[in-house]
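This is protein04.cif. It holds mmCIF, C-alpha atoms.
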data_work
#
loop_
_atom_site.group_PDB
_atom_site.id
_atom_site.type_symbol
_atom_site.label_atom_id
_atom_site.label_comp_id
_atom_site.auth_asym_id
_atom_site.auth_seq_id
_atom_site.Cartn_x
_atom_site.Cartn_y
_atom_site.Cartn_z
ATOM 1 C CA MET C 404 -13.581 1.559 11.671
ATOM 2 C CA LEU C 405 -11.310 -1.403 10.902
ATOM 3 C CA VAL C 406 -12.673 -3.524 8.044
ATOM 4 C CA PRO C 407 -11.512 -6.549 6.026
ATOM 5 C CA GLY C 408 -9.512 -5.572 2.966
ATOM 6 C CA LYS C 409 -11.728 -7.496 0.572
ATOM 7 C CA ILE C 410 -14.761 -5.368 1.355
ATOM 8 C CA VAL C 411 -12.903 -2.218 0.314
ATOM 9 C CA LEU C 412 -11.177 -3.877 -2.651
ATOM 10 C CA ASP C 413 -14.379 -5.311 -4.069
ATOM 11 C CA HIS C 414 -16.148 -1.967 -3.744
ATOM 12 C CA ALA C 415 -13.259 -0.205 -5.499
ATOM 13 C CA PHE C 416 -13.140 -2.860 -8.230
ATOM 14 C CA GLN C 417 -16.879 -2.741 -8.873
ATOM 15 C CA ASN C 418 -16.958 1.065 -8.925
ATOM 16 C CA HIS C 419 -13.804 1.606 -10.988
ATOM 17 C CA TYR C 420 -11.611 3.504 -8.559
ATOM 18 C CA ALA C 421 -8.501 2.601 -6.575
ATOM 19 C CA VAL C 422 -7.993 2.815 -2.843
ATOM 20 C CA GLY C 423 -4.724 4.363 -1.739
ATOM 21 C CA ALA C 424 -2.436 2.232 0.426
ATOM 22 C CA PHE C 425 -0.002 4.307 2.474
ATOM 23 C CA ASN C 426 2.823 3.055 4.677
ATOM 24 C CA ALA C 427 3.123 4.098 8.301
ATOM 25 C CA ASN C 428 5.906 3.807 10.866
ATOM 26 C CA ASN C 429 4.804 6.220 13.601
ATOM 27 C CA MET C 430 1.901 8.161 15.081
ATOM 28 C CA GLU C 431 2.206 11.233 12.858
ATOM 29 C CA GLN C 432 2.048 9.156 9.679
ATOM 30 C CA VAL C 433 -1.033 7.278 10.869
ATOM 31 C CA GLN C 434 -2.717 10.550 11.828
ATOM 32 C CA ALA C 435 -1.924 12.109 8.454
ATOM 33 C CA ILE C 436 -3.287 9.101 6.553
ATOM 34 C CA VAL C 437 -6.546 8.922 8.492
ATOM 35 C CA ASP C 438 -7.066 12.694 8.558
ATOM 36 C CA ALA C 439 -6.696 12.751 4.754
ATOM 37 C CA ALA C 440 -9.200 9.908 4.451
ATOM 38 C CA ALA C 441 -11.648 11.685 6.754
ATOM 39 C CA GLU C 442 -11.378 14.982 4.860
ATOM 40 C CA THR C 443 -11.895 13.310 1.458
ATOM 41 C CA GLN C 444 -14.379 10.691 2.753
ATOM 42 C CA SER C 445 -12.165 7.930 1.393
ATOM 43 C CA PRO C 446 -11.563 4.337 2.437
ATOM 44 C CA VAL C 447 -7.871 3.649 3.054
ATOM 45 C CA PHE C 448 -5.270 0.944 3.563
ATOM 46 C CA ILE C 449 -2.762 1.725 6.307
ATOM 47 C CA GLN C 450 0.195 -0.459 5.426
ATOM 48 C CA VAL C 451 2.766 -1.749 7.880
ATOM 49 C CA SER C 452 5.883 -3.435 6.551
ATOM 50 C CA ARG C 453 7.980 -6.042 8.338
ATOM 51 C CA GLY C 454 10.526 -3.320 9.043
ATOM 52 C CA ALA C 455 7.859 -1.072 10.509
ATOM 53 C CA LEU C 456 6.619 -3.882 12.733
ATOM 54 C CA LYS C 457 10.136 -4.378 14.047
ATOM 55 C CA TYR C 458 10.740 -0.644 14.466
ATOM 56 C CA SER C 459 7.488 -0.211 16.412
ATOM 57 C CA ARG C 460 8.092 -3.328 18.546
ATOM 58 C CA LEU C 461 4.971 -4.931 17.103
ATOM 59 C CA ILE C 462 2.323 -3.544 19.447
ATOM 60 C CA TYR C 463 2.809 0.234 19.151
ATOM 61 C CA LEU C 464 1.553 0.615 15.584
ATOM 62 C CA LYS C 465 -1.272 -1.809 16.309
ATOM 63 C CA HIS C 466 -2.618 0.453 19.044
ATOM 64 C CA ILE C 467 -1.955 3.687 17.124
ATOM 65 C CA ILE C 468 -3.973 2.415 14.167
ATOM 66 C CA GLN C 469 -6.739 1.249 16.482
ATOM 67 C CA ALA C 470 -6.742 4.731 18.043
ATOM 68 C CA ALA C 471 -7.140 6.232 14.576
ATOM 69 C CA ALA C 472 -10.103 3.960 13.914
ATOM 70 C CA GLU C 473 -11.630 5.062 17.228
ATOM 71 C CA GLU C 474 -11.099 8.752 16.427
ATOM 72 C CA HIS C 475 -12.558 8.376 12.918
ATOM 73 C CA PRO C 476 -15.201 5.619 13.037
ATOM 74 C CA GLU C 477 -16.637 6.969 9.797
ATOM 75 C CA VAL C 478 -13.500 6.002 7.830
ATOM 76 C CA PRO C 479 -13.248 2.406 6.520
ATOM 77 C CA ILE C 480 -9.648 1.516 7.495
ATOM 78 C CA VAL C 481 -7.840 -1.631 6.418
ATOM 79 C CA MET C 482 -4.871 -2.526 8.639
ATOM 80 C CA HIS C 483 -2.615 -4.251 6.121
ATOM 81 C CA LEU C 484 0.648 -6.189 6.333
ATOM 82 C CA ASP C 485 2.877 -5.063 3.466
ATOM 83 C CA HIS C 486 5.316 -7.563 1.937
ATOM 84 C CA GLY C 487 5.001 -10.366 4.440
ATOM 85 C CA ASN C 488 7.589 -12.927 3.402
ATOM 86 C CA SER C 489 6.646 -15.992 5.440
ATOM 87 C CA LEU C 490 3.707 -17.724 7.068
ATOM 88 C CA ALA C 491 5.227 -16.868 10.464
ATOM 89 C CA VAL C 492 5.098 -13.125 9.718
ATOM 90 C CA VAL C 493 1.517 -13.460 8.522
ATOM 91 C CA LYS C 494 0.554 -15.274 11.736
ATOM 92 C CA THR C 495 2.131 -12.473 13.774
ATOM 93 C CA ALA C 496 0.173 -9.809 11.875
ATOM 94 C CA ILE C 497 -3.124 -11.650 12.188
ATOM 95 C CA GLY C 498 -2.457 -12.136 15.899
ATOM 96 C CA LEU C 499 -2.047 -8.362 16.184
ATOM 97 C CA GLY C 500 -5.450 -7.778 14.615
ATOM 98 C CA PHE C 501 -4.514 -6.978 11.012
ATOM 99 C CA THR C 502 -7.506 -7.219 8.692
ATOM 100 C CA SER C 503 -5.486 -7.837 5.525
ATOM 101 C CA VAL C 504 -2.121 -9.401 4.723
ATOM 102 C CA MET C 505 0.147 -9.479 1.718
ATOM 103 C CA ILE C 506 2.273 -12.572 1.190
ATOM 104 C CA ASP C 507 5.171 -11.727 -1.092
ATOM 105 C CA GLY C 508 6.139 -15.104 -2.500
ATOM 106 C CA SER C 509 7.995 -13.478 -5.379
ATOM 107 C CA LEU C 510 11.197 -13.537 -3.264
ATOM 108 C CA ASP C 511 12.664 -15.841 -0.626
ATOM 109 C CA GLU C 512 12.835 -14.848 3.053
ATOM 110 C CA SER C 513 16.178 -13.097 2.507
ATOM 111 C CA GLY C 514 14.482 -10.820 -0.015
ATOM 112 C CA LYS C 515 17.293 -11.325 -2.493
ATOM 113 C CA LYS C 516 16.348 -14.383 -4.544
ATOM 114 C CA ALA C 517 13.273 -14.954 -6.666
ATOM 115 C CA LEU C 518 11.080 -17.931 -5.785
ATOM 116 C CA SER C 519 9.764 -20.218 -8.488
ATOM 117 C CA PHE C 520 6.120 -20.143 -9.538
ATOM 118 C CA GLU C 521 5.513 -23.401 -7.661
ATOM 119 C CA GLU C 522 7.205 -22.133 -4.473
ATOM 120 C CA ASN C 523 5.226 -18.895 -4.552
ATOM 121 C CA LEU C 524 2.002 -20.812 -5.123
ATOM 122 C CA SER C 525 2.677 -23.216 -2.251
ATOM 123 C CA LEU C 526 3.423 -20.391 0.188
ATOM 124 C CA THR C 527 0.348 -18.431 -0.883
ATOM 125 C CA LYS C 528 -1.911 -21.461 -0.435
ATOM 126 C CA ALA C 529 -0.581 -21.951 3.099
ATOM 127 C CA VAL C 530 -1.349 -18.304 3.916
ATOM 128 C CA LEU C 531 -4.856 -18.601 2.464
ATOM 129 C CA ASP C 532 -5.557 -21.692 4.549
ATOM 130 C CA TYR C 533 -4.448 -19.875 7.693
ATOM 131 C CA ALA C 534 -6.038 -16.464 7.056
ATOM 132 C CA ARG C 535 -9.468 -17.450 5.766
ATOM 133 C CA PRO C 536 -10.890 -18.708 9.108
ATOM 134 C CA PHE C 537 -10.036 -15.311 10.647
ATOM 135 C CA GLY C 538 -11.818 -13.380 7.899
ATOM 136 C CA VAL C 539 -8.508 -11.776 6.937
ATOM 137 C CA SER C 540 -8.015 -10.802 3.291
ATOM 138 C CA VAL C 541 -4.995 -12.018 1.337
ATOM 139 C CA GLU C 542 -2.961 -10.260 -1.344
ATOM 140 C CA ALA C 543 -0.282 -12.140 -3.280
ATOM 141 C CA GLU C 544 2.369 -11.025 -5.751
ATOM 142 C CA LEU C 545 3.396 -12.554 -9.068
ATOM 143 C CA GLY C 546 6.339 -11.137 -10.958
ATOM 144 C CA THR C 547 9.115 -9.088 -9.402
ATOM 145 C CA ILE C 548 8.906 -5.402 -8.485
ATOM 146 C CA GLY C 549 12.275 -3.683 -8.848
ATOM 147 C CA GLY C 550 14.031 -1.577 -6.225
ATOM 148 C CA VAL C 551 14.624 -2.075 -2.521
ATOM 149 C CA GLU C 552 12.181 -1.682 0.370
ATOM 150 C CA ASP C 553 13.168 -2.402 3.988
ATOM 151 C CA GLY C 554 16.427 -3.914 2.775
ATOM 152 C CA ALA C 555 14.771 -6.458 0.489
ATOM 153 C CA GLY C 556 14.410 -6.382 -3.264
ATOM 154 C CA VAL C 557 16.042 -6.971 -6.591
ATOM 155 C CA LYS C 558 17.321 -4.572 -9.233
ATOM 156 C CA ARG C 559 15.707 -6.351 -12.159
ATOM 157 C CA ILE C 560 11.964 -6.105 -12.808
ATOM 158 C CA HIS C 561 10.373 -9.391 -13.867
ATOM 159 C CA VAL C 562 7.111 -8.487 -15.615
ATOM 160 C CA THR C 563 4.158 -10.674 -14.651
ATOM 161 C CA ASP C 564 3.184 -13.307 -17.218
ATOM 162 C CA PRO C 565 -0.593 -13.069 -17.873
ATOM 163 C CA ALA C 566 -1.002 -16.813 -18.393
ATOM 164 C CA GLN C 567 0.793 -17.532 -15.131
ATOM 165 C CA ALA C 568 -1.354 -14.951 -13.342
ATOM 166 C CA GLU C 569 -4.500 -16.717 -14.553
ATOM 167 C CA GLU C 570 -3.217 -20.117 -13.410
ATOM 168 C CA PHE C 571 -1.983 -18.718 -10.081
ATOM 169 C CA VAL C 572 -5.351 -17.269 -9.081
ATOM 170 C CA LYS C 573 -7.139 -20.390 -10.301
ATOM 171 C CA GLN C 574 -5.111 -22.497 -7.859
ATOM 172 C CA ALA C 575 -4.845 -19.878 -5.089
ATOM 173 C CA PRO C 576 -7.981 -17.678 -5.171
ATOM 174 C CA VAL C 577 -6.524 -14.634 -3.430
ATOM 175 C CA ASP C 578 -8.528 -11.471 -2.814
ATOM 176 C CA SER C 579 -6.115 -9.353 -4.848
ATOM 177 C CA LEU C 580 -2.996 -9.846 -6.946
ATOM 178 C CA ALA C 581 -0.013 -7.510 -7.082
ATOM 179 C CA ILE C 582 1.505 -7.489 -10.548
ATOM 180 C CA ALA C 583 4.751 -6.192 -12.013
ATOM 181 C CA ILE C 584 4.419 -3.971 -15.075
ATOM 182 C CA GLY C 585 7.410 -1.657 -14.694
ATOM 183 C CA THR C 586 7.040 0.086 -11.341
ATOM 184 C CA SER C 587 9.664 -0.251 -8.609
ATOM 185 C CA HIS C 588 10.310 0.682 -5.007
ATOM 186 C CA GLY C 589 12.348 3.746 -4.121
ATOM 187 C CA ALA C 590 12.746 7.260 -5.490
ATOM 188 C CA THR C 591 14.463 6.384 -8.777
ATOM 189 C CA LYS C 592 12.077 4.209 -10.758
ATOM 190 C CA PHE C 593 13.011 5.258 -14.281
ATOM 191 C CA SER C 594 16.157 6.593 -15.937
ATOM 192 C CA GLY C 595 14.051 8.469 -18.461
ATOM 193 C CA GLU C 596 10.388 8.604 -19.391
ATOM 194 C CA CYS C 597 7.919 6.681 -17.235
ATOM 195 C CA VAL C 598 6.834 3.658 -19.287
ATOM 196 C CA LEU C 599 4.526 0.979 -17.932
ATOM 197 C CA ALA C 600 3.534 -2.262 -19.646
ATOM 198 C CA HIS C 601 -0.126 -1.352 -19.995
ATOM 199 C CA ASP C 602 -0.674 -4.099 -22.577
ATOM 200 C CA VAL C 603 0.437 -6.726 -20.047
ATOM 201 C CA GLN C 604 -1.786 -5.308 -17.332
ATOM 202 C CA GLN C 605 -4.792 -5.183 -19.624
ATOM 203 C CA GLU C 606 -4.242 -8.800 -20.679
ATOM 204 C CA ILE C 607 -4.042 -9.878 -17.039
ATOM 205 C CA HIS C 608 -7.310 -8.058 -16.376
ATOM 206 C CA ARG C 609 -8.894 -9.776 -19.376
ATOM 207 C CA ARG C 610 -7.867 -13.174 -18.036
ATOM 208 C CA LEU C 611 -8.830 -12.296 -14.440
ATOM 209 C CA PRO C 612 -11.958 -10.159 -14.914
ATOM 210 C CA HIS C 613 -13.078 -10.591 -11.285
ATOM 211 C CA THR C 614 -9.755 -10.151 -9.447
ATOM 212 C CA PRO C 615 -8.693 -6.731 -8.115
ATOM 213 C CA LEU C 616 -5.130 -5.921 -9.159
ATOM 214 C CA VAL C 617 -2.561 -4.045 -7.063
ATOM 215 C CA MET C 618 0.191 -1.647 -8.089
ATOM 216 C CA HIS C 619 3.266 -1.630 -5.837
ATOM 217 C CA GLY C 620 6.085 0.908 -6.111
ATOM 218 C CA SER C 621 3.728 3.599 -7.380
ATOM 219 C CA SER C 622 4.952 6.811 -5.775
ATOM 220 C CA SER C 623 5.017 9.716 -8.218
ATOM 221 C CA VAL C 624 8.137 11.356 -6.705
ATOM 222 C CA PRO C 625 7.017 14.882 -7.746
ATOM 223 C CA GLU C 626 9.821 17.244 -8.690
ATOM 224 C CA GLU C 627 8.488 19.943 -6.379
ATOM 225 C CA LEU C 628 8.735 17.659 -3.344
ATOM 226 C CA VAL C 629 12.268 16.574 -4.202
ATOM 227 C CA ALA C 630 13.206 20.214 -4.785
ATOM 228 C CA ILE C 631 12.245 21.093 -1.197
ATOM 229 C CA VAL C 632 14.461 18.318 0.173
ATOM 230 C CA ASN C 633 17.408 19.423 -1.961
ATOM 231 C CA LYS C 634 16.876 23.139 -1.275
ATOM 232 C CA TYR C 635 17.220 22.582 2.444
ATOM 233 C CA GLY C 636 20.321 20.414 2.448
ATOM 234 C CA GLY C 637 19.212 17.095 0.999
ATOM 235 C CA GLN C 638 20.885 15.176 -1.798
ATOM 236 C CA MET C 639 18.342 13.400 -3.998
ATOM 237 C CA PRO C 640 19.532 13.614 -7.610
ATOM 238 C CA ASN C 641 18.047 11.822 -10.625
ATOM 239 C CA THR C 642 14.733 10.863 -9.056
ATOM 240 C CA LYS C 643 11.822 9.747 -11.216
ATOM 241 C CA GLY C 644 8.464 8.266 -10.203
ATOM 242 C CA VAL C 645 5.291 6.973 -11.812
ATOM 243 C CA ASP C 646 3.196 9.546 -13.652
ATOM 244 C CA ILE C 647 -0.255 9.904 -12.106
ATOM 245 C CA PRO C 648 -2.021 9.837 -15.528
ATOM 246 C CA GLN C 649 -0.455 6.416 -16.132
ATOM 247 C CA LEU C 650 -1.656 5.225 -12.745
ATOM 248 C CA GLN C 651 -5.128 6.465 -13.591
ATOM 249 C CA GLN C 652 -4.962 4.489 -16.826
ATOM 250 C CA THR C 653 -4.292 1.268 -14.909
ATOM 251 C CA ILE C 654 -7.331 1.911 -12.702
ATOM 252 C CA GLN C 655 -9.499 1.700 -15.822
ATOM 253 C CA HIS C 656 -8.363 -1.911 -16.249
ATOM 254 C CA GLY C 657 -8.767 -3.605 -12.903
ATOM 255 C CA VAL C 658 -6.263 -1.921 -10.574
ATOM 256 C CA SER C 659 -8.074 -1.366 -7.267
ATOM 257 C CA LYS C 660 -5.209 -0.609 -4.867
ATOM 258 C CA VAL C 661 -2.215 1.665 -5.389
ATOM 259 C CA ASN C 662 0.703 1.592 -2.942
ATOM 260 C CA VAL C 663 2.445 4.861 -2.047
ATOM 261 C CA ASP C 664 5.372 4.964 0.384
ATOM 262 C CA THR C 665 8.316 6.929 -1.046
ATOM 263 C CA ASP C 666 6.264 10.089 -1.624
ATOM 264 C CA GLY C 667 5.355 10.115 2.057
ATOM 265 C CA ARG C 668 8.976 9.796 3.118
ATOM 266 C CA ILE C 669 10.032 12.607 0.795
ATOM 267 C CA VAL C 670 7.298 15.063 1.778
ATOM 268 C CA MET C 671 7.895 14.609 5.509
ATOM 269 C CA THR C 672 11.677 14.853 5.138
ATOM 270 C CA GLY C 673 11.312 18.049 3.111
ATOM 271 C CA ALA C 674 9.008 19.625 5.688
ATOM 272 C CA ILE C 675 11.366 18.782 8.557
ATOM 273 C CA ARG C 676 14.466 20.011 6.728
ATOM 274 C CA LYS C 677 12.701 23.241 5.837
ATOM 275 C CA PHE C 678 11.577 23.798 9.427
ATOM 276 C CA PHE C 679 15.078 23.404 10.864
ATOM 277 C CA VAL C 680 16.637 25.768 8.331
ATOM 278 C CA GLU C 681 13.984 28.414 8.924
ATOM 279 C CA HIS C 682 13.878 27.898 12.708
ATOM 280 C CA PRO C 683 17.391 26.906 13.859
ATOM 281 C CA ASP C 684 16.512 27.808 17.438
ATOM 282 C CA LYS C 685 13.666 25.289 17.716
ATOM 283 C CA PHE C 686 14.012 21.882 19.367
ATOM 284 C CA ASP C 687 10.486 20.839 20.389
ATOM 285 C CA VAL C 688 9.650 17.628 18.492
ATOM 286 C CA ARG C 689 6.009 18.683 18.194
ATOM 287 C CA GLU C 690 6.976 21.873 16.370
ATOM 288 C CA TYR C 691 8.683 20.079 13.487
ATOM 289 C CA MET C 692 6.650 16.873 13.389
ATOM 290 C CA GLY C 693 3.429 18.880 13.175
ATOM 291 C CA PRO C 694 4.290 20.520 9.822
ATOM 292 C CA ALA C 695 5.582 17.183 8.539
ATOM 293 C CA ARG C 696 2.286 15.532 9.438
ATOM 294 C CA ASP C 697 0.332 18.310 7.711
ATOM 295 C CA ALA C 698 2.436 18.065 4.554
ATOM 296 C CA LEU C 699 1.893 14.310 4.395
ATOM 297 C CA ARG C 700 -1.850 14.721 4.897
ATOM 298 C CA ASP C 701 -2.094 17.193 2.024
ATOM 299 C CA MET C 702 -0.091 14.945 -0.321
ATOM 300 C CA ILE C 703 -2.276 11.946 0.507
ATOM 301 C CA LYS C 704 -5.473 13.937 -0.055
ATOM 302 C CA GLY C 705 -4.257 14.690 -3.566
ATOM 303 C CA ARG C 706 -3.599 11.012 -4.259
ATOM 304 C CA MET C 707 -7.018 9.992 -2.948
ATOM 305 C CA ILE C 708 -8.691 12.459 -5.263
ATOM 306 C CA ALA C 709 -6.533 11.327 -8.205
ATOM 307 C CA PHE C 710 -7.301 7.635 -7.546
ATOM 308 C CA GLY C 711 -11.043 8.328 -7.397
ATOM 309 C CA SER C 712 -11.608 7.143 -3.815
ATOM 310 C CA ALA C 713 -12.860 10.520 -2.519
ATOM 311 C CA GLY C 714 -16.480 10.249 -1.420
ATOM 312 C CA GLN C 715 -16.535 6.433 -1.464
ATOM 313 C CA GLY C 716 -16.152 5.917 2.291
ATOM 314 C CA PRO C 717 -19.821 6.533 3.237
ATOM 315 C CA LYS C 718 -20.935 4.039 0.572
ATOM 316 C CA ILE C 719 -18.775 1.315 2.104
ATOM 317 C CA GLN C 720 -20.226 2.162 5.515
ATOM 318 C CA GLN C 721 -23.610 0.998 4.259
ATOM 319 C CA ILE C 722 -22.359 -2.579 3.761
ATOM 320 C CA ASN C 723 -23.300 -5.075 6.445
ATOM 321 C CA LEU C 724 -19.710 -5.570 7.573
ATOM 322 C CA GLU C 725 -20.271 -8.395 10.031
ATOM 323 C CA GLN C 726 -22.211 -10.423 7.502
ATOM 324 C CA ALA C 727 -19.587 -9.750 4.860
ATOM 325 C CA LYS C 728 -16.764 -10.742 7.200
ATOM 326 C CA GLN C 729 -18.472 -14.053 7.937
ATOM 327 C CA PHE C 730 -18.950 -14.645 4.229
ATOM 328 C CA TYR C 731 -15.284 -14.069 3.438
ATOM 329 C CA ALA C 732 -14.241 -16.383 6.294
ATOM 330 C CA ARG C 733 -16.123 -19.321 4.776
#

Could you rewrite the structure in this file as structure tokens?
Amino acid sequence: MLVPGKIVLDHAFQNHYAVGAFNANNMEQVQAIVDAAAETQSPVFIQVSRGALKYSRLIYLKHIIQAAAEEHPEVPIVMHLDHGNSLAVVKTAIGLGFTSVMIDGSLDESGKKALSFEENLSLTKAVLDYARPFGVSVEAELGTIGGVEDGAGVKRIHVTDPAQAEEFVKQAPVDSLAIAIGTSHGATKFSGECVLAHDVQQEIHRRLPHTPLVMHGSSSVPEELVAIVNKYGGQMPNTKGVDIPQLQQTIQHGVSKVNVDTDGRIVMTGAIRKFFVEHPDKFDVREYMGPARDALRDMIKGRMIAFGSAGQGPKIQQINLEQAKQFYAR
């Protein structure tokens, strides 16, 4: 069942868990995400980036996600635009039936230059004005997440200022706010120990006690997954992700959505590499994509359990979704 993002976010926020948000580019990834949600009875965000939209020629992922919702009507699914960088991209996503959009006004449309607070605020307001009549939820970002995703990003992390976060949401009352506290995109997030600015996050939560917060760049990059890639011919040295206990700590202070993309890429790549080494005679795409899909499903199930979303799906089902959608479109 496709639902507005705010319904899931508010339920997660009020019940002190986080919903996992997992990126998808093809059918097998969508199937793995929804199968994991069904098996753990979790709500879930299926995220589609601008690059994924382009890769899938816009309409393919739309229909694959809708097929997943049809196969698993018991799963509350949010179809979410990840890192939209313009009002035009947001309009495209909403036209495709997305139930949630993220406007990333932290960077310009090239993805290389940081926007000012005022520029970010202006862009976010324009997206809110457009999305609200459709009942589509809006996530914004303040601060700069490090690393590169889909060719866009900056090396330097600009930690979110709590006072600015308070003022931003006051002027642009978004449904959720992505903040920067030390995470980054990609497989190499830290050169040493994982250290997040928990004091900053907790101060933002204190100032915004009713706003769900979002953690981007939060893959854990487990050593055992990287080891499989490297064992079967890959070259991924010096990788380091976000420790799950630290993610769980953020959930205690207002984080209601945790984005995971890199872990999914790694686990599927490892499964495919392993299959080809062990079965050099095979060439049927179903025979190697099947194990990759299963490996991704199992990884996602673990994250859903760790984030506390397991078992929450049936509770969200009890909400009067049509009434709630009309309320959020006011």

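Every residue that the PyMOL selection byres ((chain C and resi 575-578) around 7) selects in this file is listed here: Lys409, Leu524, Thr527, Lys528, Ser540, Val541, Glu542, Ala543, Phe571, Val572, Lys573, Gln574, Ser579, Leu580 and Thr614 of chain C.
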
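One finds atom CA of Ala470 of chain C at 18.3 Å from atom CA of Ala424 of chain C.
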
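Minimum atom-to-atom distances from C:Gly673, C:Gly644, C:Gly595, C:Gly657 to Arg696 of chain C were compared using all atoms listed in the file, and the lowest value belongs to C:Gly673.
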
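Using only C-alpha atoms, the shortest contact distance between Gly589 of chain C and any of C:Gly423, C:Gly637, C:Pro694, C:Gly620 is found at C:Gly620.
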
*Could you give me, as number ranges by chain, the residues within 7 Å of segment 471-484 of chain C, counting only C-alpha atoms and dropping anything in the same chain fewer than 2 positions from it?*
C: 404-408, 434, 437, 440-441, 444-452, 467-469, 486-487, 496, 501-505, 716

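Selection by the PyMOL selection byres ((chain C and resi 630) around 12) on the present file picks out Val624, Pro625, Glu626, Glu627, Leu628, Val629, Ile631, Val632, Asn633, Lys634, Tyr635, Gly636, Gly637, Gln638, Met639, Pro640, Asn641, Thr642, Ile669, Val670, Thr672, Gly673, Ala674, Arg676 and Lys677 of chain C.
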
_Counting all atoms listed in the file, I want the residues whose atoms come within 7 Å of (7.1, 8.6, -6.7) in the file frame, returned as a ChimeraX atom specification._
/C:590,621-625,643-645,665-666

*Ala709 of chain C: which residues within 9 Å, counting all atoms listed in the file, same-chain residues fewer than 3 positions away excluded, as a list of chain:residue names?*
C:Ile647, C:Pro648, C:Gln651, C:Lys704, C:Gly705, C:Arg706, C:Ser712, C:Ala713

Leu464 of chain C surroundings by all atoms listed in the file, 9 Å radius, close-in-sequence under 4 positions cut, as a short mmCIF file (atom, residue, chain, number, x, y, z; two decimals) with C-alpha atoms, in the frame of the given file:
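In the end it all went to result05.cif:
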data_model
loop_
_atom_site.label_atom_id
_atom_site.label_comp_id
_atom_site.auth_asym_id
_atom_site.auth_seq_id
_atom_site.Cartn_x
_atom_site.Cartn_y
_atom_site.Cartn_z
CA ALA C 427 3.12 4.10 8.30
CA ASN C 428 5.91 3.81 10.87
CA ASN C 429 4.80 6.22 13.60
CA MET C 430 1.90 8.16 15.08
CA VAL C 433 -1.03 7.28 10.87
CA VAL C 451 2.77 -1.75 7.88
CA ALA C 455 7.86 -1.07 10.51
CA LEU C 456 6.62 -3.88 12.73
CA SER C 459 7.49 -0.21 16.41
CA ARG C 460 8.09 -3.33 18.55
CA ILE C 468 -3.97 2.42 14.17
CA GLN C 469 -6.74 1.25 16.48
#

*What residues come out when you apply the PyMOL selection byres ((chain C and resi 661) around 7) to this file, written as a list in words?*
Ala421, Val422, Gly423, Ala424, Val617, Met618, His619, Ser621, Ser659, Lys660, Asn662 and Val663 of chain C

Would you write out those residues with C-alpha atoms, as a PDB file, keeping the file's coordinate frame?
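Writing done, so here's part_12.pdb:
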ATOM      1  CA  ALA C 421      -8.501   2.601  -6.575  1.00  0.00           C
ATOM      2  CA  VAL C 422      -7.993   2.815  -2.843  1.00  0.00           C
ATOM      3  CA  GLY C 423      -4.724   4.363  -1.739  1.00  0.00           C
ATOM      4  CA  ALA C 424      -2.436   2.232   0.426  1.00  0.00           C
ATOM      5  CA  VAL C 617      -2.561  -4.045  -7.063  1.00  0.00           C
ATOM      6  CA  MET C 618       0.191  -1.647  -8.089  1.00  0.00           C
ATOM      7  CA  HIS C 619       3.266  -1.630  -5.837  1.00  0.00           C
ATOM      8  CA  SER C 621       3.728   3.599  -7.380  1.00  0.00           C
ATOM      9  CA  SER C 659      -8.074  -1.366  -7.267  1.00  0.00           C
ATOM     10  CA  LYS C 660      -5.209  -0.609  -4.867  1.00  0.00           C
ATOM     11  CA  ASN C 662       0.703   1.592  -2.942  1.00  0.00           C
ATOM     12  CA  VAL C 663       2.445   4.861  -2.047  1.00  0.00           C
TER      13      VAL C 663
END

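For the pair atom CA of Gln720 of chain C and atom CA of Asp507 of chain C, the interatomic distance is 29.7 Å.
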
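For the pair atom CA of Arg700 of chain C and atom CA of Ile654 of chain C, the separation is 22.4 Å.
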
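Among the candidates C:Asn426, C:Ser489, C:Thr495, C:Gln605, the one nearest to His656 of chain C when counting all atoms listed in the file is C:Gln605.
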
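Closest approach to Ile436 of chain C among C:Ile708, C:Tyr420, C:Ser525, C:Met702: C:Met702, based on only C-alpha atoms.
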
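Considering only C-alpha atoms, the residue among C:Leu650, C:Ile497, C:Val539, C:Glu431 positioned nearest to Arg689 of chain C is C:Glu431.
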
*For Phe679 of chain C: contacts at 9 Å, all atoms listed in the file, fewer than 6 positions along chain excluded, given as a PyMOL selection string*: chain C and resi 635+685-686+691

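With all atoms listed in the file as the atoms that count, the minimum distance from Cys597 of chain C to the choices C:Ala568, C:Asp646, C:Ile703, C:Thr563 is reached by C:Asp646.
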
Shell around Ile719 of chain C at 9 Å using all atoms listed in the file, local window under 3 positions removed, as a PDB file with C-alpha atoms, in the frame of the given file:
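Written output follows (out21.pdb):
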ATOM      1  CA  ILE C 410     -14.761  -5.368   1.355  1.00  0.00           C
ATOM      2  CA  VAL C 411     -12.903  -2.218   0.314  1.00  0.00           C
ATOM      3  CA  HIS C 414     -16.148  -1.967  -3.744  1.00  0.00           C
ATOM      4  CA  PRO C 446     -11.563   4.337   2.437  1.00  0.00           C
ATOM      5  CA  PRO C 479     -13.248   2.406   6.520  1.00  0.00           C
ATOM      6  CA  GLN C 715     -16.535   6.433  -1.464  1.00  0.00           C
ATOM      7  CA  GLY C 716     -16.152   5.917   2.291  1.00  0.00           C
ATOM      8  CA  ILE C 722     -22.359  -2.579   3.761  1.00  0.00           C
ATOM      9  CA  ASN C 723     -23.300  -5.075   6.445  1.00  0.00           C
ATOM     10  CA  LEU C 724     -19.710  -5.570   7.573  1.00  0.00           C
TER      11      LEU C 724
END

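Taking all atoms listed in the file into account, those protein, DNA and RNA residues with any atom at most 10 Å away from (8.2, -12.4, 3.3) amount to Ser452, Arg453, Asp485, His486, Gly487, Asn488, Ser489, Leu490, Ala491, Val492, Val493, Met505, Ile506, Asp507, Gly508, Ser509, Leu510, Asp511, Glu512, Ser513, Gly514, Leu526 and Ala555 of chain C.
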